[in-house]
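Structure data (JSON, C-alpha atoms) from start12.json:
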[["chain", "number", "residue", "atom", "x", "y", "z"],
["S", 1, "MET", "CA", 44.18, 11.79, 49.72],
["S", 2, "VAL", "CA", 45.39, 8.73, 51.54],
["S", 3, "ALA", "CA", 43.57, 7.88, 54.72],
["S", 4, "PHE", "CA", 45.63, 9.07, 57.67],
["S", 5, "ARG", "CA", 46.62, 6.72, 60.41],
["S", 6, "PHE", "CA", 46.52, 9.47, 63.00],
["S", 7, "HIS", "CA", 43.47, 11.56, 63.74],
["S", 8, "GLN", "CA", 43.42, 14.64, 65.90],
["S", 9, "TYR", "CA", 40.91, 14.56, 68.72],
["S", 10, "GLN", "CA", 39.81, 17.08, 71.29],
["S", 11, "VAL", "CA", 38.98, 15.35, 74.56],
["S", 12, "VAL", "CA", 37.25, 17.17, 77.40],
["S", 13, "GLY", "CA", 37.02, 15.56, 80.80],
["S", 14, "ARG", "CA", 36.91, 16.15, 84.52],
["S", 15, "ALA", "CA", 36.87, 14.31, 87.81],
["S", 16, "LEU", "CA", 33.52, 13.04, 88.97],
["S", 17, "PRO", "CA", 31.67, 15.48, 91.21],
["S", 18, "SER", "CA", 31.97, 14.51, 94.85],
["S", 19, "PRO", "CA", 30.54, 15.85, 98.10],
["S", 20, "THR", "CA", 33.76, 17.79, 98.74],
["S", 21, "ASP", "CA", 33.99, 19.18, 95.21],
["S", 22, "GLU", "CA", 30.68, 19.94, 93.57],
["S", 23, "HIS", "CA", 32.08, 21.43, 90.38],
["S", 24, "PRO", "CA", 35.47, 19.96, 89.57],
["S", 25, "LYS", "CA", 37.64, 21.74, 87.04],
["S", 26, "ILE", "CA", 37.17, 20.70, 83.43],
["S", 27, "TYR", "CA", 40.22, 19.96, 81.37],
["S", 28, "ARG", "CA", 40.57, 19.88, 77.61],
["S", 29, "MET", "CA", 43.28, 18.24, 75.60],
["S", 30, "LYS", "CA", 44.14, 17.93, 71.94],
["S", 31, "LEU", "CA", 45.87, 14.73, 71.04],
["S", 32, "TRP", "CA", 46.64, 12.34, 68.21],
["S", 33, "ALA", "CA", 45.47, 8.76, 68.16],
["S", 34, "THR", "CA", 44.41, 6.20, 65.60],
["S", 35, "ASN", "CA", 40.85, 6.02, 66.90],
["S", 36, "GLU", "CA", 38.55, 7.47, 69.53],
["S", 37, "VAL", "CA", 39.01, 4.70, 72.06],
["S", 38, "ARG", "CA", 42.74, 5.20, 72.05],
["S", 39, "ALA", "CA", 42.25, 8.95, 72.28],
["S", 40, "LYS", "CA", 40.28, 8.64, 75.49],
["S", 41, "SER", "CA", 42.86, 6.29, 76.93],
["S", 42, "LYS", "CA", 45.67, 8.69, 76.09],
["S", 43, "PHE", "CA", 43.69, 11.52, 77.65],
["S", 44, "TRP", "CA", 43.58, 9.74, 81.00],
["S", 45, "TYR", "CA", 47.26, 8.84, 80.70],
["S", 46, "PHE", "CA", 48.26, 12.48, 80.40],
["S", 47, "LEU", "CA", 45.72, 13.75, 82.90],
["S", 48, "ARG", "CA", 46.92, 11.26, 85.50],
["S", 49, "LYS", "CA", 50.39, 12.73, 85.21],
["S", 50, "LEU", "CA", 49.13, 16.26, 85.68],
["S", 51, "LYS", "CA", 46.26, 16.03, 88.15],
["S", 52, "LYS", "CA", 45.10, 13.60, 90.80],
["S", 53, "VAL", "CA", 42.36, 12.02, 88.70],
["S", 54, "LYS", "CA", 42.01, 8.63, 87.07],
["S", 55, "LYS", "CA", 39.57, 7.10, 84.62],
["S", 56, "SER", "CA", 37.81, 5.33, 87.49],
["S", 57, "ASN", "CA", 37.01, 8.59, 89.25],
["S", 58, "GLY", "CA", 36.63, 10.81, 86.24],
["S", 59, "GLN", "CA", 34.42, 11.22, 83.22],
["S", 60, "VAL", "CA", 34.96, 12.21, 79.62],
["S", 61, "LEU", "CA", 32.52, 14.96, 78.75],
["S", 62, "ALA", "CA", 33.16, 15.26, 75.03],
["S", 63, "ILE", "CA", 35.38, 13.86, 72.36],
["S", 64, "ASN", "CA", 35.42, 15.43, 68.92],
["S", 65, "GLU", "CA", 37.57, 14.85, 65.93],
["S", 66, "ILE", "CA", 39.33, 17.94, 64.63],
["S", 67, "PHE", "CA", 39.59, 18.17, 60.87],
["S", 68, "GLU", "CA", 41.93, 20.24, 58.79],
["S", 69, "ARG", "CA", 40.55, 23.63, 57.98],
["S", 70, "LYS", "CA", 42.31, 24.19, 54.65],
["S", 71, "PRO", "CA", 43.62, 20.89, 53.33],
["S", 72, "THR", "CA", 44.63, 22.45, 50.01],
["S", 73, "LYS", "CA", 47.05, 24.98, 51.47],
["S", 74, "ILE", "CA", 50.66, 24.02, 52.11],
["S", 75, "LYS", "CA", 51.82, 24.93, 55.58],
["S", 76, "ASN", "CA", 55.00, 24.64, 57.58],
["S", 77, "TYR", "CA", 54.36, 22.70, 60.76],
["S", 78, "GLY", "CA", 56.63, 22.80, 63.78],
["S", 79, "ILE", "CA", 56.26, 19.89, 66.17],
["S", 80, "TRP", "CA", 57.73, 19.87, 69.66],
["S", 81, "LEU", "CA", 58.04, 16.39, 71.07],
["S", 82, "ARG", "CA", 59.46, 14.45, 73.96],
["S", 83, "TYR", "CA", 60.77, 10.99, 73.21],
["S", 84, "GLN", "CA", 62.44, 8.18, 75.03],
["S", 85, "SER", "CA", 65.67, 6.88, 73.62],
["S", 86, "ARG", "CA", 67.67, 3.94, 74.84],
["S", 87, "THR", "CA", 69.51, 6.17, 77.30],
["S", 88, "GLY", "CA", 66.93, 8.67, 78.50],
["S", 89, "TYR", "CA", 64.30, 11.24, 77.63],
["S", 90, "HIS", "CA", 64.95, 14.04, 75.19],
["S", 91, "ASN", "CA", 63.07, 17.00, 73.79],
["S", 92, "MET", "CA", 63.07, 17.70, 70.13],
["S", 93, "TYR", "CA", 61.73, 20.22, 67.65],
["S", 94, "LYS", "CA", 61.03, 19.13, 64.09],
["S", 95, "GLU", "CA", 59.68, 20.98, 61.10],
["S", 96, "PHE", "CA", 57.56, 19.53, 58.32],
["S", 97, "ARG", "CA", 55.99, 20.94, 55.22],
["S", 98, "ASP", "CA", 52.59, 19.45, 54.50],
["S", 99, "THR", "CA", 49.04, 20.32, 53.60],
["S", 100, "THR", "CA", 47.43, 18.87, 56.73],
["S", 101, "LEU", "CA", 48.45, 18.57, 60.35],
["S", 102, "ASN", "CA", 47.56, 14.88, 60.43],
["S", 103, "GLY", "CA", 49.89, 14.32, 57.52],
["S", 104, "ALA", "CA", 52.69, 16.18, 59.26],
["S", 105, "VAL", "CA", 52.19, 14.15, 62.45],
["S", 106, "GLU", "CA", 52.27, 10.91, 60.51],
["S", 107, "HIS", "CA", 55.42, 12.13, 58.78],
["S", 108, "MET", "CA", 56.92, 12.88, 62.17],
["S", 109, "TYR", "CA", 56.22, 9.41, 63.55],
["S", 110, "ASN", "CA", 57.71, 7.80, 60.47],
["S", 111, "GLU", "CA", 60.77, 10.00, 60.62],
["S", 112, "MET", "CA", 61.37, 9.37, 64.35],
["S", 113, "ALA", "CA", 61.09, 5.65, 63.72],
["S", 114, "SER", "CA", 63.54, 5.69, 60.85],
["S", 115, "ARG", "CA", 66.07, 8.24, 62.08],
["S", 116, "HIS", "CA", 66.09, 7.49, 65.81],
["S", 117, "ARG", "CA", 64.47, 4.05, 66.06],
["S", 118, "VAL", "CA", 61.80, 5.49, 68.35],
["S", 119, "ARG", "CA", 58.42, 3.80, 68.25],
["S", 120, "TYR", "CA", 54.99, 5.32, 68.62],
["S", 121, "HIS", "CA", 54.52, 4.66, 72.29],
["S", 122, "CYS", "CA", 57.78, 6.35, 73.26],
["S", 123, "ILE", "CA", 56.83, 9.69, 71.69],
["S", 124, "GLN", "CA", 54.76, 12.39, 73.34],
["S", 125, "ILE", "CA", 53.73, 15.40, 71.30],
["S", 126, "ILE", "CA", 54.13, 18.50, 73.40],
["S", 127, "LYS", "CA", 52.96, 21.12, 70.96],
["S", 128, "THR", "CA", 52.29, 21.64, 67.29],
["S", 129, "ALA", "CA", 51.99, 24.93, 65.46],
["S", 130, "THR", "CA", 51.84, 26.32, 61.95],
["S", 131, "ILE", "CA", 54.92, 28.38, 61.44],
["S", 132, "PRO", "CA", 55.04, 31.29, 59.03],
["S", 133, "ALA", "CA", 57.82, 31.00, 56.52],
["S", 134, "LYS", "CA", 60.00, 33.67, 58.15],
["S", 135, "LEU", "CA", 60.28, 31.80, 61.43],
["S", 136, "CYS", "CA", 61.26, 28.39, 60.11],
["S", 137, "LYS", "CA", 64.50, 27.14, 61.52],
["S", 138, "ARG", "CA", 65.43, 24.14, 59.45],
["S", 139, "GLU", "CA", 67.21, 24.57, 56.12],
["S", 140, "ASN", "CA", 65.35, 21.57, 54.80],
["S", 141, "THR", "CA", 62.00, 23.35, 54.93],
["S", 142, "LYS", "CA", 63.41, 26.78, 54.12],
["S", 143, "GLN", "CA", 64.73, 25.61, 50.78],
["S", 144, "PHE", "CA", 61.17, 25.21, 49.53],
["S", 145, "HIS", "CA", 60.22, 28.78, 50.38],
["S", 146, "ASP", "CA", 60.88, 29.93, 46.85],
["S", 147, "SER", "CA", 58.14, 31.31, 44.69],
["S", 148, "LYS", "CA", 60.06, 30.44, 41.51],
["S", 149, "ILE", "CA", 61.06, 26.99, 42.59],
["S", 150, "LYS", "CA", 62.44, 24.85, 39.81],
["S", 151, "PHE", "CA", 64.34, 21.60, 39.86],
["S", 152, "PRO", "CA", 64.68, 18.61, 37.55],
["S", 153, "LEU", "CA", 63.64, 15.11, 38.48],
["S", 154, "VAL", "CA", 66.94, 13.38, 38.12],
["S", 155, "PHE", "CA", 66.04, 9.73, 38.24],
["S", 156, "LYS", "CA", 62.95, 8.35, 36.59],
["S", 157, "LYS", "CA", 61.69, 5.19, 38.20],
["S", 158, "VAL", "CA", 60.06, 3.00, 35.56],
["S", 159, "ARG", "CA", 56.95, 1.40, 37.01],
["S", 160, "PRO", "CA", 54.07, -0.51, 35.43],
["S", 161, "PRO", "CA", 50.88, 1.50, 35.96],
["S", 162, "SER", "CA", 49.37, -1.12, 38.21],
["S", 163, "ARG", "CA", 50.74, -3.95, 40.31],
["S", 164, "LYS", "CA", 48.90, -6.48, 38.17],
["S", 165, "LEU", "CA", 51.17, -5.66, 35.21],
["S", 166, "LYS", "CA", 54.33, -6.27, 37.21],
["S", 167, "THR", "CA", 56.69, -8.91, 35.72],
["S", 168, "THR", "CA", 59.88, -10.36, 37.16],
["S", 169, "TYR", "CA", 61.83, -10.30, 33.91],
["S", 170, "LYS", "CA", 61.97, -7.54, 31.34],
["S", 171, "ALA", "CA", 63.05, -7.75, 27.71],
["S", 172, "SER", "CA", 65.27, -4.65, 27.76],
["S", 173, "ARG", "CA", 66.98, -2.36, 30.25],
["S", 174, "PRO", "CA", 64.87, 0.61, 31.27],
["S", 175, "ASN", "CA", 65.66, 4.19, 30.29],
["S", 176, "LEU", "CA", 66.14, 6.11, 33.51],
["S", 177, "PHE", "CA", 66.67, 9.57, 32.03],
["S", 178, "MET", "CA", 63.66, 11.84, 32.48],
["O", 1, "MET", "CA", 72.87, 16.23, 28.65],
["O", 2, "PRO", "CA", 71.25, 19.05, 30.60],
["O", 3, "PHE", "CA", 67.74, 18.57, 31.89],
["O", 4, "LYS", "CA", 64.92, 19.97, 29.82],
["O", 5, "ARG", "CA", 61.83, 19.20, 31.88],
["O", 6, "TYR", "CA", 61.83, 20.81, 35.30],
["O", 7, "VAL", "CA", 59.45, 20.56, 38.18],
["O", 8, "GLU", "CA", 58.17, 24.11, 38.39],
["O", 9, "ILE", "CA", 54.96, 25.96, 39.00],
["O", 10, "GLY", "CA", 52.89, 25.59, 35.88],
["O", 11, "ARG", "CA", 54.46, 22.39, 34.59],
["O", 12, "VAL", "CA", 51.90, 20.04, 33.09],
["O", 13, "ALA", "CA", 52.33, 16.42, 34.12],
["O", 14, "LEU", "CA", 50.66, 13.12, 33.43],
["O", 15, "ILE", "CA", 49.68, 10.83, 36.29],
["O", 16, "ASN", "CA", 51.17, 7.43, 35.57],
["O", 17, "TYR", "CA", 50.11, 5.35, 38.58],
["O", 18, "GLY", "CA", 47.14, 4.95, 40.80],
["O", 19, "LYS", "CA", 43.52, 5.91, 40.77],
["O", 20, "ASP", "CA", 43.87, 8.96, 38.47],
["O", 21, "TYR", "CA", 45.97, 7.18, 35.89],
["O", 22, "GLY", "CA", 46.16, 9.00, 32.57],
["O", 23, "ARG", "CA", 45.00, 12.38, 33.80],
["O", 24, "LEU", "CA", 46.75, 15.64, 32.89],
["O", 25, "VAL", "CA", 47.44, 17.85, 35.89],
["O", 26, "VAL", "CA", 49.28, 21.09, 36.55],
["O", 27, "ILE", "CA", 51.89, 21.40, 39.28],
["O", 28, "VAL", "CA", 50.71, 24.31, 41.36],
["O", 29, "ASP", "CA", 53.20, 24.25, 44.25],
["O", 30, "VAL", "CA", 55.90, 22.08, 45.71],
["O", 31, "VAL", "CA", 55.30, 20.61, 49.19],
["O", 32, "ASP", "CA", 58.72, 19.15, 49.71],
["O", 33, "GLN", "CA", 61.30, 17.06, 47.96],
["O", 34, "ASN", "CA", 58.96, 14.24, 47.03],
["O", 35, "ARG", "CA", 55.53, 15.78, 46.75],
["O", 36, "ALA", "CA", 53.79, 18.48, 44.79],
["O", 37, "LEU", "CA", 50.46, 20.22, 45.07],
["O", 38, "VAL", "CA", 48.68, 19.32, 41.92],
["O", 39, "ASP", "CA", 45.51, 20.66, 40.32],
["O", 40, "ALA", "CA", 43.30, 19.98, 37.32],
["O", 41, "PRO", "CA", 40.05, 21.62, 36.21],
["O", 42, "ASP", "CA", 37.93, 18.65, 37.24],
["O", 43, "MET", "CA", 39.53, 17.50, 40.46],
["O", 44, "VAL", "CA", 40.03, 18.79, 43.98],
["O", 45, "ARG", "CA", 43.49, 20.25, 44.49],
["O", 46, "GLY", "CA", 45.61, 17.65, 46.23],
["O", 47, "GLN", "CA", 49.13, 16.52, 46.84],
["O", 48, "MET", "CA", 50.84, 13.86, 44.78],
["O", 49, "ASN", "CA", 54.17, 12.12, 44.92],
["O", 50, "PHE", "CA", 56.56, 12.86, 42.05],
["O", 51, "LYS", "CA", 56.91, 9.13, 41.55],
["O", 52, "ARG", "CA", 53.35, 9.13, 40.25],
["O", 53, "LEU", "CA", 53.92, 11.96, 37.81],
["O", 54, "SER", "CA", 55.53, 12.03, 34.38],
["O", 55, "LEU", "CA", 56.54, 15.54, 33.41],
["O", 56, "THR", "CA", 55.57, 16.75, 29.94],
["O", 57, "ASP", "CA", 57.02, 19.47, 27.75],
["O", 58, "ILE", "CA", 54.07, 21.76, 28.29],
["O", 59, "LYS", "CA", 54.33, 24.59, 30.79],
["O", 60, "ILE", "CA", 51.72, 27.23, 31.46],
["O", 61, "ASP", "CA", 52.18, 30.64, 33.01],
["O", 62, "ILE", "CA", 50.53, 30.84, 36.41],
["O", 63, "PRO", "CA", 51.39, 32.53, 39.69],
["O", 64, "ARG", "CA", 51.94, 30.33, 42.72],
["O", 65, "LEU", "CA", 48.69, 28.80, 44.01],
["O", 66, "PRO", "CA", 46.21, 30.30, 41.56],
["O", 67, "LYS", "CA", 42.49, 30.23, 42.15],
["O", 68, "LYS", "CA", 40.60, 27.52, 40.30],
["O", 69, "LYS", "CA", 39.07, 30.03, 37.86],
["O", 70, "SER", "CA", 42.39, 31.61, 36.94],
["O", 71, "LEU", "CA", 43.91, 28.15, 36.55],
["O", 72, "ILE", "CA", 41.20, 27.14, 34.09],
["O", 73, "ALA", "CA", 41.60, 30.46, 32.26],
["O", 74, "ALA", "CA", 45.37, 30.00, 32.00],
["O", 75, "MET", "CA", 44.93, 26.47, 30.72],
["O", 76, "GLU", "CA", 42.54, 27.70, 28.05],
["O", 77, "ALA", "CA", 44.90, 30.53, 27.10],
["O", 78, "ALA", "CA", 47.84, 28.16, 26.73],
["O", 79, "ASP", "CA", 45.60, 25.66, 24.92],
["O", 80, "VAL", "CA", 46.97, 22.75, 26.89],
["O", 81, "LYS", "CA", 44.40, 20.23, 25.68],
["O", 82, "ASN", "CA", 45.09, 20.78, 21.98],
["O", 83, "LYS", "CA", 48.85, 20.94, 22.43],
["O", 84, "TRP", "CA", 48.72, 17.65, 24.31],
["O", 85, "GLU", "CA", 46.52, 15.89, 21.77],
["O", 86, "ASN", "CA", 48.72, 17.04, 18.88],
["O", 87, "SER", "CA", 51.98, 16.04, 20.52],
["O", 88, "SER", "CA", 53.37, 12.65, 19.58],
["O", 89, "TRP", "CA", 53.08, 11.39, 23.18],
["O", 90, "GLY", "CA", 49.46, 12.51, 23.41],
["O", 91, "ARG", "CA", 48.58, 11.00, 20.05],
["O", 92, "LYS", "CA", 50.10, 7.66, 21.04],
["O", 93, "LEU", "CA", 47.97, 7.59, 24.18],
["O", 94, "ILE", "CA", 44.82, 8.33, 22.19],
["O", 95, "VAL", "CA", 45.61, 5.49, 19.78],
["O", 96, "GLN", "CA", 46.26, 3.12, 22.70],
["O", 97, "LYS", "CA", 42.90, 4.00, 24.22],
["O", 98, "ARG", "CA", 41.13, 3.53, 20.92],
["O", 99, "ARG", "CA", 42.72, 0.12, 20.39],
["O", 100, "ALA", "CA", 41.83, -1.01, 23.89],
["O", 101, "SER", "CA", 38.17, -0.10, 23.35],
["O", 102, "LEU", "CA", 37.65, -1.99, 20.08],
["O", 103, "ASN", "CA", 34.95, -4.63, 19.97],
["O", 104, "ASP", "CA", 35.17, -7.81, 17.92],
["O", 105, "PHE", "CA", 33.57, -6.30, 14.82],
["O", 106, "ASP", "CA", 36.05, -3.39, 14.93],
["O", 107, "ARG", "CA", 38.93, -5.81, 15.22],
["O", 108, "PHE", "CA", 37.59, -7.65, 12.16],
["O", 109, "LYS", "CA", 37.47, -4.41, 10.23],
["O", 110, "VAL", "CA", 41.02, -3.59, 11.32],
["O", 111, "MET", "CA", 42.15, -7.00, 10.09],
["O", 112, "LEU", "CA", 40.60, -6.40, 6.64],
["O", 113, "ALA", "CA", 42.16, -2.95, 6.47],
["O", 114, "ARG", "CA", 45.60, -4.34, 7.32],
["O", 115, "ILE", "CA", 45.34, -7.01, 4.64],
["O", 116, "LYS", "CA", 44.31, -4.40, 2.10],
["O", 117, "ARG", "CA", 47.20, -2.13, 3.10],
["O", 118, "GLY", "CA", 49.64, -5.04, 2.90],
["O", 119, "GLY", "CA", 48.35, -5.88, -0.56],
["O", 120, "ALA", "CA", 48.85, -2.32, -1.80],
["O", 121, "ILE", "CA", 52.41, -2.26, -0.43],
["O", 122, "GLN", "CA", 53.25, -5.57, -2.10],
["O", 123, "GLN", "CA", 51.93, -4.31, -5.46],
["O", 124, "GLU", "CA", 54.13, -1.21, -5.31],
["O", 125, "LEU", "CA", 57.09, -3.35, -4.28],
["O", 126, "ALA", "CA", 56.51, -5.72, -7.20],
["O", 127, "LYS", "CA", 56.40, -2.75, -9.61],
["O", 128, "LEU", "CA", 59.69, -1.38, -8.25],
["O", 129, "LYS", "CA", 61.33, -4.78, -8.44],
["O", 130, "LYS", "CA", 60.27, -5.15, -12.07],
["O", 131, "GLN", "CA", 61.70, -1.69, -12.83],
["O", 132, "ASN", "CA", 64.96, -2.59, -11.17],
["O", 133, "ALA", "CA", 65.25, -5.94, -12.90],
["O", 134, "SER", "CA", 64.63, -4.51, -16.38]]
Would you mind writing the file out in structure tokens?
Amino acid sequence: MVAFRFHQYQVVGRALPSPTDEHPKIYRMKLWATNEVRAKSKFWYFLRKLKKVKKSNGQVLAINEIFERKPTKIKNYGIWLRYQSRTGYHNMYKEFRDTTLNGAVEHMYNEMASRHRVRYHCIQIIKTATIPAKLCKRENTKQFHDSKIKFPLVFKKVRPPSRKLKTTYKASRPNLFM
Amino acid sequence: MPFKRYVEIGRVALINYGKDYGRLVVIVDVVDQNRALVDAPDMVRGQMNFKRLSLTDIKIDIPRLPKKKSLIAAMEAADVKNKWENSSWGRKLIVQKRRASLNDFDRFKVMLARIKRGGAIQQELAKLKKQNAS
């Protein structure tokens, strides 16, 4: 398993108690960030937009990393996101097939960057969910919902088994047929 | 030239790049176009890119996503290990490993054996030449 760039954190925070408000409401958020410091920062960013509370008059009560429950099971993830393009904000729904949610989120960021030239800081994840196979909308994920799936690998890339054995020139042309 | 080796559930593949180089694994499910869920008796089930896999001719009969025990049982029933070691590809890999693990004394013994073999071939050749000439 490659180490994921994005980790899922659960951040719980509230405004500081004040004489007018002894027990302020506690808010919880699940978000994706590369590390805990960034997760806390993102938490205040979103909370500022929703409630009248800032990091200077609030406190983080708990931050926990959420790990994948069943990393060996393949799931269909649906991700709802809001991104900023060169002309304005748009909402989008994307589907990914992966074993872990962190992997799907990383896949999503890579795909948004390549297909729409949208960088990490212009994307906000609204919601993620595991979708049962019946409710998937995209043909791209539905084509893998086949219990007798079978396809040939058409093009065999010839690679040396480690980068140390890489050479610039080869004696003969490679055989690309599987 | 139709394709003979397909990516399918139960296909045995060899890992040809990375940390698990040289290991035989079974494709247990397909994640998407580039990745497969892959399993072997002595490793945690994980996903692997097809670029790291070389498909073999061996295919075992398993349902989608079998439990570890049933996977091991199916591999024993299909006798994957023996089939692999008797196939020409498997035998070549075993010879490569053996050659890579020789120490200096073994290499000396190999040299003597090659000289002996060359001598025997030359003797037979000389006999045939004499027969032809006469």
(request) Quick one: pull the distance between CA of His121 in chain S and CA of Leu31 in chain S, Å, one decimal. (result)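 Separation of CA of His121 in chain S and CA of Leu31 in chain S: 13.3 Å.
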Query - chain S contacts on chain O, all atoms listed in the file, 8 Å, as a PyMOL selection string - result: chain O and resi 3-9+16-18+21+30-32+37+45-47+51+64
Neighbouring residues of Lys81 in chain O were defined as those with any atom within 10 Å, considering all atoms listed in the file; residues of the same chain fewer than 6 positions away were excluded. Please report them as a list in words. Leu24, Met75 and Gly90 of chain O
Review point. If we count all atoms listed in the file, what is near range 55-69 of chain S at a cut-off of 12 Å, once residues fewer than 6 positions away on the same chain are taken out, given as a PyMOL selection string?
Key: chain S and resi 4+6-18+24-48+75+98-104
* To do: One decimal, Å: what's the distance from CA of Ala129 in chain S over to CA of Tyr77 in chain S, could you say?
  =>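 Separating CA of Ala129 in chain S from CA of Tyr77 in chain S is a distance of 5.7 Å.
Here CA of Asp29 in chain O and CA of Val80 in chain O stand 18.5 Å from one another.
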With only C-alpha atoms as the atoms that count, which of S:Tyr93, S:Thr167, S:Leu50, S:Leu135 lies nearest to Gly78 in chain S?
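Checking each candidate against Gly78 in chain S, we get S:Tyr93 as the closest.
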Listed atoms of range 119-129 of chain O boxed along x, y and z, 4 Å each side, centre and edge lengths in Å, one decimal, as AutoDock Vina command-line options:
--center_x 54.8 --center_y -3.5 --center_z -5.0 --size_x 21.0 --size_y 12.7 --size_z 17.2
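The protein and nucleic acid residues lying at most 8 Å from Lys94 in chain S are Gly78, Ile79, Trp80 and Met108 of chain S, with only C-alpha atoms considered and sequence neighbours fewer than 3 positions away removed.
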What's the 7 Å shell around Val25 in chain O, counting all atoms listed in the file, without same-chain residues fewer than 3 positions away, as a tab-separated table (two decimals) with C-alpha atoms, in the frame of the given file?
chain	number	residue	atom	x	y	z
O	12	VAL	CA	51.90	20.04	33.09
O	13	ALA	CA	52.33	16.42	34.12
O	14	LEU	CA	50.66	13.12	33.43
O	38	VAL	CA	48.68	19.32	41.92
O	39	ASP	CA	45.51	20.66	40.32
O	40	ALA	CA	43.30	19.98	37.32
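Between Arg5 in chain S and the residues S:Ser172, S:Thr130, S:Gln124, S:Asn110, the shortest atom-to-atom distance, using only C-alpha atoms, involves S:Asn110.
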- For each of O:Met43, O:Ala78, O:Gly10, O:Ile115, take the minimum atom-to-atom distance to Leu55 in chain O, counting all atoms listed in the file, then give the residue where this is smallest.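 Of all the options, O:Gly10 lies closest to Leu55 in chain O.
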Determine the nearest neighbour of Asp57 in chain O from the options O:Val95, O:Arg107, O:Ser87, O:Ile72, counting all atoms listed in the file.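 So, comparing all the options, the nearest one is O:Ser87.
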What's the 7 Å shell around Phe50 in chain O, counting all atoms listed in the file, without same-chain residues fewer than 3 positions away, as a compact mmCIF listing (two decimals) with C-alpha atoms, in the frame of the given file?
# COMPACT_ATOMS: atom_id res chain seq x y z
CA ASN O 34 58.96 14.24 47.03
CA ARG O 35 55.53 15.78 46.75
CA ALA O 36 53.79 18.48 44.79
CA LEU O 53 53.92 11.96 37.81
Exercise. From the list O:Gln33, O:Arg23, O:Pro66, O:Lys129, which residue is nearest Leu93 in chain O when using all atoms listed in the file?
Worked result: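 The shortest atom-to-atom distance to Leu93 in chain O comes from O:Arg23.
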